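Below: entry.cif (mmCIF, C-alpha atoms)
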data_work
#
loop_
_atom_site.label_atom_id
_atom_site.label_comp_id
_atom_site.auth_asym_id
_atom_site.auth_seq_id
_atom_site.Cartn_x
_atom_site.Cartn_y
_atom_site.Cartn_z
CA MET A 1087 0.93 22.57 15.97
CA ASN A 1088 -0.13 18.92 16.07
CA ILE A 1089 0.49 16.87 12.94
CA VAL A 1090 -2.82 15.41 11.77
CA PHE A 1091 -1.53 13.64 8.67
CA GLU A 1092 1.85 13.15 7.07
CA LYS A 1093 3.21 11.27 4.11
CA THR A 1094 4.21 7.70 4.80
CA LYS A 1095 7.93 6.98 4.98
CA GLY A 1096 7.15 4.08 2.68
CA LEU A 1097 7.04 6.39 -0.35
CA THR A 1098 9.93 8.30 -1.87
CA ASP A 1099 9.68 11.97 -2.89
CA LYS A 1100 9.54 11.03 -6.58
CA THR A 1101 6.48 12.51 -8.36
CA PHE A 1102 4.09 9.87 -9.71
CA HIS A 1103 3.95 9.59 -13.50
CA TYR A 1104 0.34 8.36 -13.55
CA CYS A 1105 -2.44 10.02 -15.53
CA PRO A 1106 -4.83 12.45 -13.78
CA GLY A 1107 -7.52 10.51 -11.95
CA CYS A 1108 -5.60 7.23 -11.96
CA THR A 1109 -5.89 5.53 -8.58
CA HIS A 1110 -2.50 3.80 -8.69
CA GLY A 1111 -1.19 6.57 -6.44
CA ILE A 1112 -3.83 5.82 -3.81
CA ILE A 1113 -3.02 2.11 -3.89
CA HIS A 1114 0.71 2.86 -3.63
CA ARG A 1115 0.10 5.01 -0.56
CA ILE A 1116 -2.13 2.62 1.37
CA THR A 1117 0.16 -0.32 0.56
CA MET A 1118 3.19 1.45 1.95
CA GLU A 1119 1.24 2.87 4.90
CA ALA A 1120 0.27 -0.68 5.85
CA ILE A 1121 3.89 -1.84 5.65
CA GLU A 1122 5.10 1.11 7.72
CA GLU A 1123 2.43 0.55 10.38
CA LEU A 1124 3.50 -3.09 10.65
CA GLY A 1125 7.09 -1.93 11.20
CA LEU A 1126 8.30 -3.89 8.17
CA LEU A 1127 9.72 -1.21 5.86
CA GLY A 1128 13.24 -2.49 6.47
CA LYS A 1129 12.18 -6.03 5.57
CA ALA A 1130 9.83 -5.33 2.65
CA VAL A 1131 10.60 -6.29 -0.95
CA GLY A 1132 8.29 -5.22 -3.78
CA ILE A 1133 8.18 -6.66 -7.29
CA ALA A 1134 6.49 -4.91 -10.22
CA PRO A 1135 6.47 -6.25 -13.78
CA VAL A 1136 5.57 -4.53 -17.05
CA GLY A 1137 2.53 -2.28 -16.90
CA CYS A 1138 1.53 1.17 -15.68
CA ALA A 1139 3.32 0.45 -12.40
CA VAL A 1140 6.56 -0.42 -14.17
CA PHE A 1141 8.34 2.39 -12.29
CA ALA A 1142 7.01 1.41 -8.86
CA TYR A 1143 10.61 0.90 -7.70
CA GLU A 1144 11.04 4.67 -7.93
CA TYR A 1145 8.10 5.24 -5.53
CA PHE A 1146 8.33 2.38 -3.02
CA ASN A 1147 10.85 3.26 -0.33
CA CYS A 1148 11.90 -0.35 0.13
CA ASP A 1149 13.95 -2.90 -1.76
CA SER A 1150 12.33 -3.44 -5.16
CA TYR A 1151 12.74 -5.63 -8.22
CA GLU A 1152 11.61 -5.29 -11.81
CA ALA A 1153 10.24 -8.50 -13.32
CA ALA A 1154 9.51 -9.61 -16.87
CA HIS A 1155 5.88 -9.26 -17.97
CA GLY A 1156 3.72 -11.58 -15.85
CA ARG A 1157 6.65 -13.11 -13.99
CA ALA A 1158 6.48 -11.17 -10.71
CA PRO A 1159 5.21 -14.20 -8.71
CA ALA A 1160 8.20 -16.25 -9.86
CA VAL A 1161 10.61 -13.51 -8.79
CA ALA A 1162 8.74 -13.10 -5.50
CA THR A 1163 8.95 -16.86 -4.91
CA GLY A 1164 12.72 -16.82 -5.28
CA ILE A 1165 13.14 -13.85 -2.96
CA LYS A 1166 10.86 -15.27 -0.26
CA ARG A 1167 12.52 -18.67 -0.29
CA VAL A 1168 15.99 -17.16 0.03
CA HIS A 1169 14.86 -14.53 2.56
CA PRO A 1170 11.87 -16.05 4.41
CA ASP A 1171 12.01 -13.29 7.02
CA CYS A 1172 11.20 -10.61 4.43
CA LEU A 1173 7.73 -9.29 3.56
CA VAL A 1174 7.50 -9.96 -0.18
CA PHE A 1175 4.75 -8.55 -2.37
CA THR A 1176 3.99 -8.18 -6.06
CA TYR A 1177 2.18 -5.20 -7.53
CA GLN A 1178 0.45 -6.25 -10.77
CA GLY A 1179 -2.18 -4.99 -13.18
CA ASP A 1180 -4.93 -7.07 -14.76
CA GLY A 1181 -3.24 -7.22 -18.15
CA ASP A 1182 -0.22 -8.67 -16.38
CA LEU A 1183 -1.59 -10.94 -13.64
CA ALA A 1184 -4.76 -12.09 -15.42
CA ALA A 1185 -3.30 -12.54 -18.93
CA ILE A 1186 0.37 -13.30 -19.60
CA GLY A 1187 0.92 -14.02 -15.90
CA THR A 1188 -2.13 -16.20 -15.21
CA GLY A 1189 -0.10 -19.39 -14.98
CA GLU A 1190 2.45 -17.74 -12.69
CA ILE A 1191 -0.10 -16.51 -10.16
CA VAL A 1192 -2.11 -19.75 -10.19
CA GLN A 1193 0.95 -21.91 -9.61
CA ALA A 1194 2.29 -19.61 -6.88
CA ALA A 1195 -1.03 -19.95 -5.10
CA HIS A 1196 -1.07 -23.73 -5.61
CA ARG A 1197 2.38 -23.97 -4.04
CA GLY A 1198 1.14 -21.89 -1.13
CA GLU A 1199 3.99 -19.42 -1.52
CA LYS A 1200 4.14 -17.06 1.45
CA ILE A 1201 3.89 -13.95 -0.72
CA THR A 1202 1.22 -11.28 -1.27
CA ALA A 1203 -0.10 -10.11 -4.64
CA ILE A 1204 -1.59 -6.62 -4.93
CA PHE A 1205 -3.75 -7.05 -8.02
CA VAL A 1206 -4.91 -3.78 -9.64
CA ASN A 1207 -7.94 -4.39 -11.87
CA ASN A 1208 -8.98 -1.49 -14.10
CA ALA A 1209 -10.59 -3.70 -16.76
CA ILE A 1210 -8.24 -2.66 -19.55
CA TYR A 1211 -4.63 -2.62 -20.70
CA GLY A 1212 -3.39 0.76 -19.51
CA MET A 1213 0.25 1.32 -20.45
CA THR A 1214 0.10 -0.26 -23.92
CA GLY A 1215 -2.82 1.79 -25.25
CA GLY A 1216 -6.18 0.58 -24.00
CA GLN A 1217 -6.55 -2.88 -25.51
CA MET A 1218 -9.17 -5.33 -24.26
CA ALA A 1219 -7.98 -7.22 -21.18
CA PRO A 1220 -9.26 -10.50 -19.73
CA THR A 1221 -11.11 -8.34 -17.21
CA THR A 1222 -12.77 -5.99 -19.74
CA LEU A 1223 -16.54 -6.01 -19.20
CA ILE A 1224 -19.12 -7.18 -21.74
CA GLY A 1225 -19.93 -4.23 -24.01
CA GLN A 1226 -16.97 -2.18 -22.76
CA LYS A 1227 -15.08 -0.57 -25.62
CA ALA A 1228 -11.32 -0.91 -26.10
CA THR A 1229 -8.89 -0.25 -28.92
CA THR A 1230 -9.07 -3.94 -29.87
CA ALA A 1231 -12.82 -4.07 -29.24
CA PRO A 1232 -14.14 -0.83 -30.77
CA TYR A 1233 -17.74 -2.07 -30.66
CA GLY A 1234 -17.41 -3.40 -27.14
CA ARG A 1235 -16.45 -6.79 -25.76
CA ASP A 1236 -18.57 -9.51 -27.37
CA GLU A 1237 -19.19 -12.51 -25.11
CA ASN A 1238 -19.61 -14.84 -28.09
CA HIS A 1239 -16.19 -13.81 -29.37
CA ALA A 1240 -14.14 -13.16 -26.23
CA GLY A 1241 -16.04 -14.94 -23.48
CA LYS A 1242 -16.91 -13.44 -20.12
CA PRO A 1243 -14.49 -11.32 -18.04
CA ILE A 1244 -12.26 -13.43 -15.84
CA MET A 1245 -12.86 -13.34 -12.09
CA MET A 1246 -9.45 -13.83 -10.52
CA SER A 1247 -10.43 -13.59 -6.85
CA GLU A 1248 -13.13 -16.21 -7.23
CA MET A 1249 -10.75 -18.52 -9.08
CA ILE A 1250 -7.75 -18.15 -6.78
CA ALA A 1251 -9.99 -18.62 -3.73
CA THR A 1252 -10.62 -22.24 -4.80
CA ILE A 1253 -6.92 -23.10 -4.53
CA PRO A 1254 -5.92 -24.88 -1.29
CA GLY A 1255 -2.64 -22.96 -0.98
CA ALA A 1256 -4.42 -19.60 -0.91
CA ALA A 1257 -4.88 -18.34 2.66
CA TYR A 1258 -6.54 -14.98 2.14
CA ILE A 1259 -8.25 -13.48 -0.92
CA GLU A 1260 -10.24 -10.22 -0.87
CA ARG A 1261 -11.58 -7.81 -3.49
CA VAL A 1262 -11.75 -4.11 -2.61
CA ALA A 1263 -12.11 -0.77 -4.40
CA VAL A 1264 -10.61 2.71 -3.99
CA ASN A 1265 -13.46 4.83 -5.35
CA THR A 1266 -14.57 6.43 -2.06
CA PRO A 1267 -12.86 7.38 1.22
CA ALA A 1268 -14.72 4.56 3.01
CA ASN A 1269 -13.64 1.98 0.44
CA ILE A 1270 -10.06 3.25 0.55
CA ARG A 1271 -9.98 2.60 4.30
CA LYS A 1272 -11.36 -0.90 3.73
CA ALA A 1273 -8.77 -1.52 1.00
CA LYS A 1274 -5.94 -0.55 3.32
CA LYS A 1275 -7.32 -2.84 6.02
CA ALA A 1276 -7.41 -5.75 3.55
CA ILE A 1277 -3.85 -5.15 2.36
CA LYS A 1278 -2.62 -4.93 5.95
CA LYS A 1279 -4.46 -8.16 6.78
CA ALA A 1280 -2.86 -9.93 3.82
CA PHE A 1281 0.59 -8.82 4.99
CA GLU A 1282 -0.14 -10.00 8.53
CA ILE A 1283 -1.18 -13.43 7.25
CA GLN A 1284 1.99 -13.62 5.17
CA ARG A 1285 4.03 -12.73 8.25
CA GLU A 1286 2.31 -15.59 10.10
CA GLY A 1287 3.36 -17.98 7.31
CA LYS A 1288 -0.16 -19.22 6.55
CA GLY A 1289 0.10 -19.24 2.75
CA PHE A 1290 -0.51 -17.22 -0.39
CA THR A 1291 -2.49 -13.98 -0.12
CA MET A 1292 -3.98 -11.66 -2.74
CA VAL A 1293 -5.91 -8.41 -2.61
CA GLU A 1294 -7.69 -7.41 -5.82
CA VAL A 1295 -8.24 -3.66 -6.05
CA LEU A 1296 -10.81 -2.24 -8.47
CA SER A 1297 -9.22 0.83 -10.01
CA THR A 1298 -9.93 3.42 -12.69
CA CYS A 1299 -8.28 4.29 -16.00
CA PRO A 1300 -9.84 7.62 -17.07
CA THR A 1301 -7.45 8.04 -20.03
CA ASN A 1302 -8.17 4.71 -21.73
CA TRP A 1303 -11.80 4.70 -20.67
CA GLY A 1304 -12.17 8.12 -22.33
CA MET A 1305 -13.69 9.72 -19.23
CA THR A 1306 -13.05 12.45 -16.72
CA PRO A 1307 -11.68 11.27 -13.36
CA GLU A 1308 -15.05 11.96 -11.74
CA ASP A 1309 -16.99 10.03 -14.39
CA ALA A 1310 -14.50 7.16 -14.15
CA LEU A 1311 -15.16 6.73 -10.43
CA LYS A 1312 -18.89 6.68 -11.13
CA TRP A 1313 -18.43 4.15 -13.97
CA LEU A 1314 -16.43 1.88 -11.69
CA GLU A 1315 -19.20 1.90 -9.09
CA GLU A 1316 -22.04 1.42 -11.57
CA ASN A 1317 -20.41 -1.12 -13.89
CA MET A 1318 -17.40 -2.86 -12.35
CA MET A 1319 -18.65 -3.33 -8.81
CA PRO A 1320 -21.88 -5.15 -9.75
CA TYR A 1321 -19.83 -7.74 -11.69
CA TYR A 1322 -16.67 -7.80 -9.57
CA LYS A 1323 -18.36 -7.97 -6.19
CA LEU A 1324 -16.41 -6.69 -3.21
CA GLY A 1325 -15.72 -8.89 -0.24
CA ILE A 1326 -13.57 -11.61 1.30
CA TYR A 1327 -13.42 -14.67 -0.93
CA LYS A 1328 -11.20 -16.75 1.32
CA SER A 1329 -10.18 -16.36 4.91
CA SER A 1330 -7.05 -17.63 6.60
CA GLU A 1331 -9.18 -20.45 8.00
CA GLY A 1332 -9.79 -21.64 4.44
CA SER A 1333 -13.50 -20.91 4.05
CA VAL A 1334 -14.80 -19.37 0.81
CA ILE A 1335 -17.02 -16.36 1.35
CA ASN A 1336 -19.07 -14.70 -1.38
CA GLY A 1337 -18.77 -10.92 -1.67
#
Can I see the file as structure tokens?
Amino acid sequence: MNIVFEKTKGLTDKTFHYCPGCTHGIIHRITMEAIEELGLLGKAVGIAPVGCAVFAYEYFNCDSYEAAHGRAPAVATGIKRVHPDCLVFTYQGDGDLAAIGTGEIVQAAHRGEKITAIFVNNAIYGMTGGQMAPTTLIGQKATTAPYGRDENHAGKPIMMSEMIATIPGAAYIERVAVNTPANIRKAKKAIKKAFEIQREGKGFTMVEVLSTCPTNWGMTPEDALKWLEENMMPYYKLGIYKSSEGSVING
């Protein structure tokens, strides 16, 4: 019998701890598939800080580090500079990268560090109980915004891809989603492209992945995917925001 599909060697046999309907598992799989297809599993180093992906080191079948909250880019910088031949990537949520770690990611991009950030944006703090994040949409409810995010009080949701794309040291920035099979394939292609650009030494790369959080959104997995498409995607537009040639492209 011909094998049509098999699990990537980039993942361990450890069962994911994520909530039903959470798309972290999908992002884990396509990230490690991309690394395996590039033949870089033996040279890959992943860094995950505090957040829902805090146990990523138990799932990624490569060398992995645990970083303090928001500090994954700093750890990745150290690893890449000591081992420039390694493929170094961070795996960060929006509460981590876009809040406590904003300065870290901006400065890493400004320095043009040859690392890749996988940025998972589910518009809320997941692990800590569903608080409002910098990416929470206007009107979206959270435990710290029970009546919905108020623009006059909290401002507009931060757009990380658009912001990082303006930095000269950034070589490749793309926003993708994992809500449909077609978008999952596009997301994997973007992650693989980011890794290829890192391997070529062209500069900092980041792939923002729109993800769901059914538990903290208070929805079924099916409804969460629909909510992402109808609410997140119109605001966080998909597309390439910077190419390796340095041009900014609207989604």
- Item | Atom-to-atom span, atom CA of Arg1261 of chain A and atom CA of Gly1287 of chain A, Å |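 Distance reported for this atom pair: 21.1 Å.
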- Which value, in Å to one decimal, gives the distance between atom CA of Leu1127 of chain A and atom CA of Val1262 of chain A?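 Atom CA of Val1262 of chain A lies at a distance of 23.3 Å from atom CA of Leu1127 of chain A.
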Selected by the PyMOL selection byres ((chain A and resi 1145) around 6) in the shown coordinates: which residues, as a compact mmCIF listing (two decimals) with C-alpha atoms, in the frame of the given file?
# COMPACT_ATOMS: atom_id res chain seq x y z
CA LEU A 1097 7.04 6.39 -0.35
CA THR A 1098 9.93 8.30 -1.87
CA ALA A 1142 7.01 1.41 -8.86
CA TYR A 1143 10.61 0.90 -7.70
CA GLU A 1144 11.04 4.67 -7.93
CA PHE A 1146 8.33 2.38 -3.02
Quick one: everything within 9 Å of Asp1236 of chain A, counting only C-alpha atoms, minus sequence neighbours fewer than 5 positions away in the same chain. Send it as a compact mmCIF listing (two decimals) with C-alpha atoms, keeping the file's coordinate frame.
# COMPACT_ATOMS: atom_id res chain seq x y z
CA ILE A 1224 -19.12 -7.18 -21.74
CA GLY A 1225 -19.93 -4.23 -24.01
CA GLN A 1226 -16.97 -2.18 -22.76
CA ALA A 1231 -12.82 -4.07 -29.24
CA GLY A 1241 -16.04 -14.94 -23.48
CA LYS A 1242 -16.91 -13.44 -20.12
Which residues are close to segment 1221-1223 of chain A, i.e. within 10 Å by only C-alpha atoms, leaving aside same-chain residues fewer than 5 positions away? Reply as an mmCIF file with C-alpha atoms, keeping the file's coordinate frame.
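Wrote it out as result.cif, contents follow:
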data_model
loop_
_atom_site.group_PDB
_atom_site.id
_atom_site.type_symbol
_atom_site.label_atom_id
_atom_site.label_comp_id
_atom_site.auth_asym_id
_atom_site.auth_seq_id
_atom_site.Cartn_x
_atom_site.Cartn_y
_atom_site.Cartn_z
ATOM 1 C CA ASP A 1180 -4.930 -7.070 -14.760
ATOM 2 C CA GLY A 1181 -3.240 -7.220 -18.150
ATOM 3 C CA ALA A 1184 -4.760 -12.090 -15.420
ATOM 4 C CA ALA A 1185 -3.300 -12.540 -18.930
ATOM 5 C CA ASN A 1207 -7.940 -4.390 -11.870
ATOM 6 C CA ASN A 1208 -8.980 -1.490 -14.100
ATOM 7 C CA ALA A 1209 -10.590 -3.700 -16.760
ATOM 8 C CA ILE A 1210 -8.240 -2.660 -19.550
ATOM 9 C CA TYR A 1211 -4.630 -2.620 -20.700
ATOM 10 C CA ALA A 1228 -11.320 -0.910 -26.100
ATOM 11 C CA ALA A 1231 -12.820 -4.070 -29.240
ATOM 12 C CA GLY A 1234 -17.410 -3.400 -27.140
ATOM 13 C CA ARG A 1235 -16.450 -6.790 -25.760
ATOM 14 C CA ASP A 1236 -18.570 -9.510 -27.370
ATOM 15 C CA GLU A 1237 -19.190 -12.510 -25.110
ATOM 16 C CA ALA A 1240 -14.140 -13.160 -26.230
ATOM 17 C CA GLY A 1241 -16.040 -14.940 -23.480
ATOM 18 C CA LYS A 1242 -16.910 -13.440 -20.120
ATOM 19 C CA PRO A 1243 -14.490 -11.320 -18.040
ATOM 20 C CA ILE A 1244 -12.260 -13.430 -15.840
ATOM 21 C CA MET A 1245 -12.860 -13.340 -12.090
ATOM 22 C CA MET A 1246 -9.450 -13.830 -10.520
ATOM 23 C CA ASN A 1317 -20.410 -1.120 -13.890
ATOM 24 C CA MET A 1318 -17.400 -2.860 -12.350
ATOM 25 C CA TYR A 1321 -19.830 -7.740 -11.690
ATOM 26 C CA TYR A 1322 -16.670 -7.800 -9.570
#
- Message: Please compute the atom CA of Met1249 of chain A-atom CA of Leu1173 of chain A distance, one decimal, in Å.
- Response: 24.2 Å
- Query: Could you name the residues that touch Ile1133 of chain A at 8 Å or less, counting all atoms listed in the file, but leaving out those on the same chain fewer than 4 positions away, as a list of chain:residue names?
  - Reply: A:Tyr1143, A:Ser1150, A:Tyr1151, A:Glu1152, A:Ala1153, A:Ala1158, A:Val1161, A:Ala1162, A:Val1174, A:Phe1175, A:Thr1176, A:Tyr1177
- Query: If you apply the PyMOL selection byres ((chain A and resi 1197) around 10) to this file, what residues do you get, as a PyMOL selection string?
  - Reply: chain A and resi 1163+1191-1196+1198-1200+1253-1256+1289-1290
- Message: As a check of understanding, name the residues that the PyMOL selection byres ((chain A and resi 1273-1277) around 8) selects in the supplied structure, as JSON, numbers by chain.
- Response: {"A": [1116, 1117, 1120, 1204, 1260, 1262, 1263, 1264, 1269, 1270, 1271, 1272, 1278, 1279, 1280, 1281, 1293, 1295]}
- Task: Name all residues at most 8 Å from segment 1302-1309 of chain A (count all atoms listed in the file; drop same-chain ones fewer than 6 positions away) and give them as a ChimeraX atom specification.
- Result: /A:1106-1108,1210,1212,1215-1216,1227-1228
- Item | Of the listed residues A:Ser1297, A:Thr1229, A:Gln1284, A:Asn1238, that which approaches Val1206 of chain A most closely, counting only C-alpha atoms | A:Ser1297
- Find the residues near Tyr1104 of chain A: any atom within 10 Å, counting only C-alpha atoms, skip ones fewer than 2 places away on the same chain, and give them as number ranges by chain. A: 1101-1102, 1106-1111, 1138-1139, 1213, 1299
Restricting the output to C-alpha atoms, write the selected residues as an mmCIF file, in the frame of the given file.
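Done, and the output landed in part_38.cif:
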data_model
loop_
_atom_site.group_PDB
_atom_site.id
_atom_site.type_symbol
_atom_site.label_atom_id
_atom_site.label_comp_id
_atom_site.auth_asym_id
_atom_site.auth_seq_id
_atom_site.Cartn_x
_atom_site.Cartn_y
_atom_site.Cartn_z
ATOM 1 C CA THR A 1101 6.480 12.510 -8.360
ATOM 2 C CA PHE A 1102 4.090 9.870 -9.710
ATOM 3 C CA PRO A 1106 -4.830 12.450 -13.780
ATOM 4 C CA GLY A 1107 -7.520 10.510 -11.950
ATOM 5 C CA CYS A 1108 -5.600 7.230 -11.960
ATOM 6 C CA THR A 1109 -5.890 5.530 -8.580
ATOM 7 C CA HIS A 1110 -2.500 3.800 -8.690
ATOM 8 C CA GLY A 1111 -1.190 6.570 -6.440
ATOM 9 C CA CYS A 1138 1.530 1.170 -15.680
ATOM 10 C CA ALA A 1139 3.320 0.450 -12.400
ATOM 11 C CA MET A 1213 0.250 1.320 -20.450
ATOM 12 C CA CYS A 1299 -8.280 4.290 -16.000
#
